[in-house]
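> This one is structure.pdb, PDB, C-alpha atoms, pLDDT in the B column.
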ATOM      1  CA  MET A 230      60.092  92.550   6.017  1.00 75.00           C
ATOM      2  CA  ASP A 231      61.580  95.929   6.883  1.00 88.00           C
ATOM      3  CA  CYS A 232      59.913  98.934   5.344  1.00 95.00           C
ATOM      4  CA  TYR A 233      60.896 102.572   5.550  1.00 97.00           C
ATOM      5  CA  VAL A 234      59.062 105.850   5.610  1.00 97.00           C
ATOM      6  CA  TYR A 235      61.021 108.743   4.120  1.00 96.00           C
ATOM      7  CA  VAL A 236      60.868 112.482   3.541  1.00 95.00           C
ATOM      8  CA  LEU A 237      62.428 113.983   0.425  1.00 93.00           C
ATOM      9  CA  GLY A 238      63.162 117.651  -0.119  1.00 91.00           C
ATOM     10  CA  ALA A 239      63.687 119.858  -3.154  1.00 89.00           C
ATOM     11  CA  ILE A 240      64.148 123.570  -3.722  1.00 84.00           C
ATOM     12  CA  ALA A 241      62.042 125.238  -6.403  1.00 80.00           C
ATOM     13  CA  LYS A 242      62.106 128.995  -7.026  1.00 80.00           C
ATOM     14  CA  ASN A 243      63.109 130.106  -3.518  1.00 75.00           C
ATOM     15  CA  ARG A 244      60.684 127.755  -1.795  1.00 79.00           C
ATOM     16  CA  HIS A 245      60.995 124.278  -0.441  1.00 84.00           C
ATOM     17  CA  LEU A 246      59.008 121.201  -1.356  1.00 88.00           C
ATOM     18  CA  THR A 247      58.736 117.984   0.596  1.00 91.00           C
ATOM     19  CA  TYR A 248      57.471 114.558  -0.361  1.00 93.00           C
ATOM     20  CA  VAL A 249      56.624 111.754   2.069  1.00 95.00           C
ATOM     21  CA  GLY A 250      56.480 108.116   1.022  1.00 95.00           C
ATOM     22  CA  TRP A 251      57.240 104.569   2.098  1.00 96.00           C
ATOM     23  CA  THR A 252      59.331 101.822   0.513  1.00 96.00           C
ATOM     24  CA  ASN A 253      61.423  98.760   1.299  1.00 95.00           C
ATOM     25  CA  ASP A 254      64.555 100.276  -0.327  1.00 95.00           C
ATOM     26  CA  VAL A 255      65.118 104.002   0.280  1.00 95.00           C
ATOM     27  CA  THR A 256      68.151 104.349  -1.995  1.00 95.00           C
ATOM     28  CA  ARG A 257      66.436 102.700  -4.960  1.00 95.00           C
ATOM     29  CA  ARG A 258      63.324 104.804  -4.417  1.00 94.00           C
ATOM     30  CA  LEU A 259      65.304 108.073  -4.320  1.00 94.00           C
ATOM     31  CA  VAL A 260      67.016 107.130  -7.591  1.00 94.00           C
ATOM     32  CA  MET A 261      63.601 106.430  -9.147  1.00 92.00           C
ATOM     33  CA  HIS A 262      62.233 109.796  -7.997  1.00 93.00           C
ATOM     34  CA  ASN A 263      65.239 111.641  -9.430  1.00 92.00           C
ATOM     35  CA  ALA A 264      64.981 109.682 -12.705  1.00 92.00           C
ATOM     36  CA  GLY A 265      61.391 110.857 -13.170  1.00 87.00           C
ATOM     37  CA  LYS A 266      59.919 107.411 -12.496  1.00 87.00           C
ATOM     38  CA  GLY A 267      58.508 108.113  -9.057  1.00 78.00           C
ATOM     39  CA  ALA A 268      55.242 109.712  -8.108  1.00 81.00           C
ATOM     40  CA  ARG A 269      53.938 112.256 -10.608  1.00 81.00           C
ATOM     41  CA  SER A 270      54.344 115.120  -8.127  1.00 82.00           C
ATOM     42  CA  THR A 271      58.076 114.404  -7.795  1.00 84.00           C
ATOM     43  CA  ARG A 272      58.967 114.461 -11.492  1.00 85.00           C
ATOM     44  CA  GLY A 273      61.327 117.083 -12.876  1.00 85.00           C
ATOM     45  CA  ARG A 274      63.004 117.944  -9.575  1.00 88.00           C
ATOM     46  CA  ASN A 275      66.261 117.019  -7.898  1.00 90.00           C
ATOM     47  CA  TRP A 276      65.307 115.415  -4.584  1.00 92.00           C
ATOM     48  CA  VAL A 277      67.492 114.790  -1.542  1.00 92.00           C
ATOM     49  CA  LEU A 278      66.738 112.514   1.373  1.00 94.00           C
ATOM     50  CA  LEU A 279      65.899 114.581   4.450  1.00 94.00           C
ATOM     51  CA  TYR A 280      64.703 111.844   6.783  1.00 94.00           C
ATOM     52  CA  SER A 281      64.104 108.098   6.876  1.00 95.00           C
ATOM     53  CA  GLU A 282      62.741 105.820   9.540  1.00 95.00           C
ATOM     54  CA  ARG A 283      62.734 102.036   9.604  1.00 96.00           C
ATOM     55  CA  CYS A 284      59.421 100.370  10.375  1.00 95.00           C
ATOM     56  CA  ALA A 285      58.767  96.775  11.345  1.00 94.00           C
ATOM     57  CA  SER A 286      56.015  96.214   8.776  1.00 95.00           C
ATOM     58  CA  LYS A 287      54.351  97.647   5.693  1.00 95.00           C
ATOM     59  CA  ARG A 288      51.322  98.521   7.796  1.00 96.00           C
ATOM     60  CA  HIS A 289      53.411 100.498  10.277  1.00 96.00           C
ATOM     61  CA  ALA A 290      55.282 102.297   7.462  1.00 96.00           C
ATOM     62  CA  MET A 291      51.999 103.298   5.821  1.00 96.00           C
ATOM     63  CA  SER A 292      50.673 104.542   9.158  1.00 96.00           C
ATOM     64  CA  ARG A 293      53.816 106.614   9.799  1.00 96.00           C
ATOM     65  CA  GLU A 294      53.586 108.007   6.259  1.00 96.00           C
ATOM     66  CA  TRP A 295      50.027 109.146   6.979  1.00 96.00           C
ATOM     67  CA  HIS A 296      51.130 110.851  10.208  1.00 96.00           C
ATOM     68  CA  LEU A 297      54.203 112.509   8.677  1.00 95.00           C
ATOM     69  CA  LYS A 298      52.153 113.868   5.787  1.00 94.00           C
ATOM     70  CA  ARG A 299      50.002 115.643   8.337  1.00 96.00           C
ATOM     71  CA  ASP A 300      52.917 116.884  10.474  1.00 94.00           C
ATOM     72  CA  ARG A 301      53.638 120.062   8.520  1.00 92.00           C
ATOM     73  CA  ALA A 302      55.784 121.501  11.324  1.00 93.00           C
ATOM     74  CA  PHE A 303      58.196 118.547  11.141  1.00 93.00           C
ATOM     75  CA  ARG A 304      58.439 118.722   7.338  1.00 92.00           C
ATOM     76  CA  LYS A 305      58.898 122.481   7.457  1.00 90.00           C
ATOM     77  CA  ARG A 306      61.751 122.098   9.965  1.00 90.00           C
ATOM     78  CA  LEU A 307      63.467 119.590   7.652  1.00 89.00           C
ATOM     79  CA  ALA A 308      62.946 121.847   4.642  1.00 85.00           C
ATOM     80  CA  ARG A 309      64.426 124.842   6.448  1.00 84.00           C
ATOM     81  CA  GLN A 310      67.557 122.798   7.053  1.00 82.00           C
ATOM     82  CA  LEU A 311      67.634 122.032   3.326  1.00 78.00           C
ATOM     83  CA  LEU A 312      67.359 125.746   2.514  1.00 76.00           C
ATOM     84  CA  ALA A 313      70.127 126.528   5.000  1.00 77.00           C
ATOM     85  CA  GLU A 314      72.355 123.982   3.257  1.00 75.00           C
ATOM     86  CA  ALA A 315      71.574 125.444  -0.162  1.00 69.00           C
ATOM     87  CA  VAL A 316      72.292 129.040   0.890  1.00 65.00           C
ATOM     88  CA  PRO A 317      75.363 128.875   3.153  1.00 59.00           C
ATOM     89  CA  THR A 318      76.009 131.867   5.361  1.00 50.00           C
ATOM     90  CA  ALA A 319      79.368 133.343   6.314  1.00 44.00           C
ATOM     91  CA  SER A 320      79.073 131.674   9.721  1.00 47.00           C
ATOM     92  CA  SER A 321      78.582 128.144   8.390  1.00 47.00           C
ATOM     93  CA  THR A 322      81.492 125.818   9.081  1.00 49.00           C
ATOM     94  CA  GLY A 323      80.507 122.829   6.979  1.00 46.00           C
ATOM     95  CA  PRO A 324      77.772 120.365   6.191  1.00 46.00           C
ATOM     96  CA  LYS A 325      75.019 119.868   8.737  1.00 47.00           C
ATOM     97  CA  SER A 326      73.033 116.766   9.483  1.00 46.00           C
ATOM     98  CA  LEU A 327      69.590 116.737   7.937  1.00 54.00           C
ATOM     99  CA  GLY A 328      68.204 114.392  10.579  1.00 53.00           C
ATOM    100  CA  VAL A 329      68.487 111.212   8.505  1.00 50.00           C
ATOM    101  CA  GLN A 330      68.323 108.084  10.570  1.00 49.00           C
TER     102      GLN A 330
END
Show this structure as structure tokens.

Amino acid sequence: MDCYVYVLGAIAKNRHLTYVGWTNDVTRRLVMHNAGKGARSTRGRNWVLLYSERCASKRHAMSREWHLKRDRAFRKRLARQLLAEAVPTASSTGPKSLGVQ
């Protein structure tokens, strides 16, 4: 069974928030988070998918989730891209990839 680890991002009062989780259906899980039926820490925000990675097993997905939660530099880099998308500059020419696989 394929499982996925994912990173969500949201902007709240000029700062970025990220959430890392795992699932077997990323789209369904994102909809649940945005409907207020996800993890308690994700309720009341509009989340976007910043990154997803397919894993061969639930065990591997849970392991990658653990590592990504501790990789603050990676999550910060993704969140900065989210902030750049939210506040376009005069030099921006269009949408940028957020590193979603």
> CA of His245 (chain A) and CA of Ser292 (chain A), how far apart in Å?
24.3 Å
> Could you check the closest approach to Trp295 (chain A) for each of A:Cys232, A:Leu279, A:Ile240, A:Val249 and tell me which residue wins, using only C-alpha atoms?
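Among the listed residues, the smallest separation from Trp295 (chain A) belongs to A:Val249.
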> Taking all atoms listed in the file into account, name the residue in A:Ala313, A:Met291, A:Cys284, A:Leu278 that is nearest to Gly250 (chain A).
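Closest to Gly250 (chain A), using all atoms listed in the file: A:Met291.
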> Considering all atoms listed in the file, state which residue in the set A:Leu312, A:Thr271, A:Asn253, A:Lys242 is at the smallest distance from Ser286 (chain A).
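Between A:Leu312, A:Thr271, A:Asn253, A:Lys242, the residue approaching Ser286 (chain A) most closely is A:Asn253.
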> List as a JSON list (two decimals) with C-alpha atoms, keeping the file's coordinate frame: which residues have an atom within 9 Å of (53.7, 110.0, 6.3), counting all atoms listed in the file?

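So result.json came out as:
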[["chain", "number", "residue", "atom", "x", "y", "z"],
["A", 234, "VAL", "CA", 59.06, 105.85, 5.61],
["A", 235, "TYR", "CA", 61.02, 108.74, 4.12],
["A", 236, "VAL", "CA", 60.87, 112.48, 3.54],
["A", 248, "TYR", "CA", 57.47, 114.56, -0.36],
["A", 249, "VAL", "CA", 56.62, 111.75, 2.07],
["A", 250, "GLY", "CA", 56.48, 108.12, 1.02],
["A", 251, "TRP", "CA", 57.24, 104.57, 2.10],
["A", 290, "ALA", "CA", 55.28, 102.30, 7.46],
["A", 291, "MET", "CA", 52.00, 103.30, 5.82],
["A", 292, "SER", "CA", 50.67, 104.54, 9.16],
["A", 293, "ARG", "CA", 53.82, 106.61, 9.80],
["A", 294, "GLU", "CA", 53.59, 108.01, 6.26],
["A", 295, "TRP", "CA", 50.03, 109.15, 6.98],
["A", 296, "HIS", "CA", 51.13, 110.85, 10.21],
["A", 297, "LEU", "CA", 54.20, 112.51, 8.68],
["A", 298, "LYS", "CA", 52.15, 113.87, 5.79],
["A", 299, "ARG", "CA", 50.00, 115.64, 8.34],
["A", 300, "ASP", "CA", 52.92, 116.88, 10.47]]
> Would you translate the PyMOL selection byres ((chain A and resi 262) around 10) into the concrete set of residues it matches in this file, as an MDAnalysis selection string?
chainID A and resid 237 257:261 263:277
> Between A:Ala239, A:Ala302, A:Met230, A:Ala308, which has the minimum distance to Asp254 (chain A) (counting all atoms listed in the file)?
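Using all atoms listed in the file, the shortest distance to Asp254 (chain A) belongs to A:Met230.
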> What is the distance between CA of Lys305 (chain A) and CA of His289 (chain A), in Å to one decimal?
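About the pair CA of Lys305 (chain A) and CA of His289 (chain A): they are 22.8 Å apart.
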> Considering all atoms listed in the file, state which residue in the set A:Thr252, A:Arg304, A:Gly238, A:Thr247 is at the smallest distance from Ala285 (chain A).
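Checking each candidate against Ala285 (chain A), we get A:Thr252 as the closest.
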> Tell me, in Å to one decimal, how far CA of Tyr280 (chain A) is from CA of Leu307 (chain A).
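Taking CA of Tyr280 (chain A) and CA of Leu307 (chain A), their separation equals 7.9 Å.
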> Pick from A:Arg301, A:Ala241, A:Leu246, A:Val255: nearest to Arg283 (chain A), with only C-alpha atoms counted?
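Among A:Arg301, A:Ala241, A:Leu246, A:Val255, it is A:Val255 that comes nearest to Arg283 (chain A).
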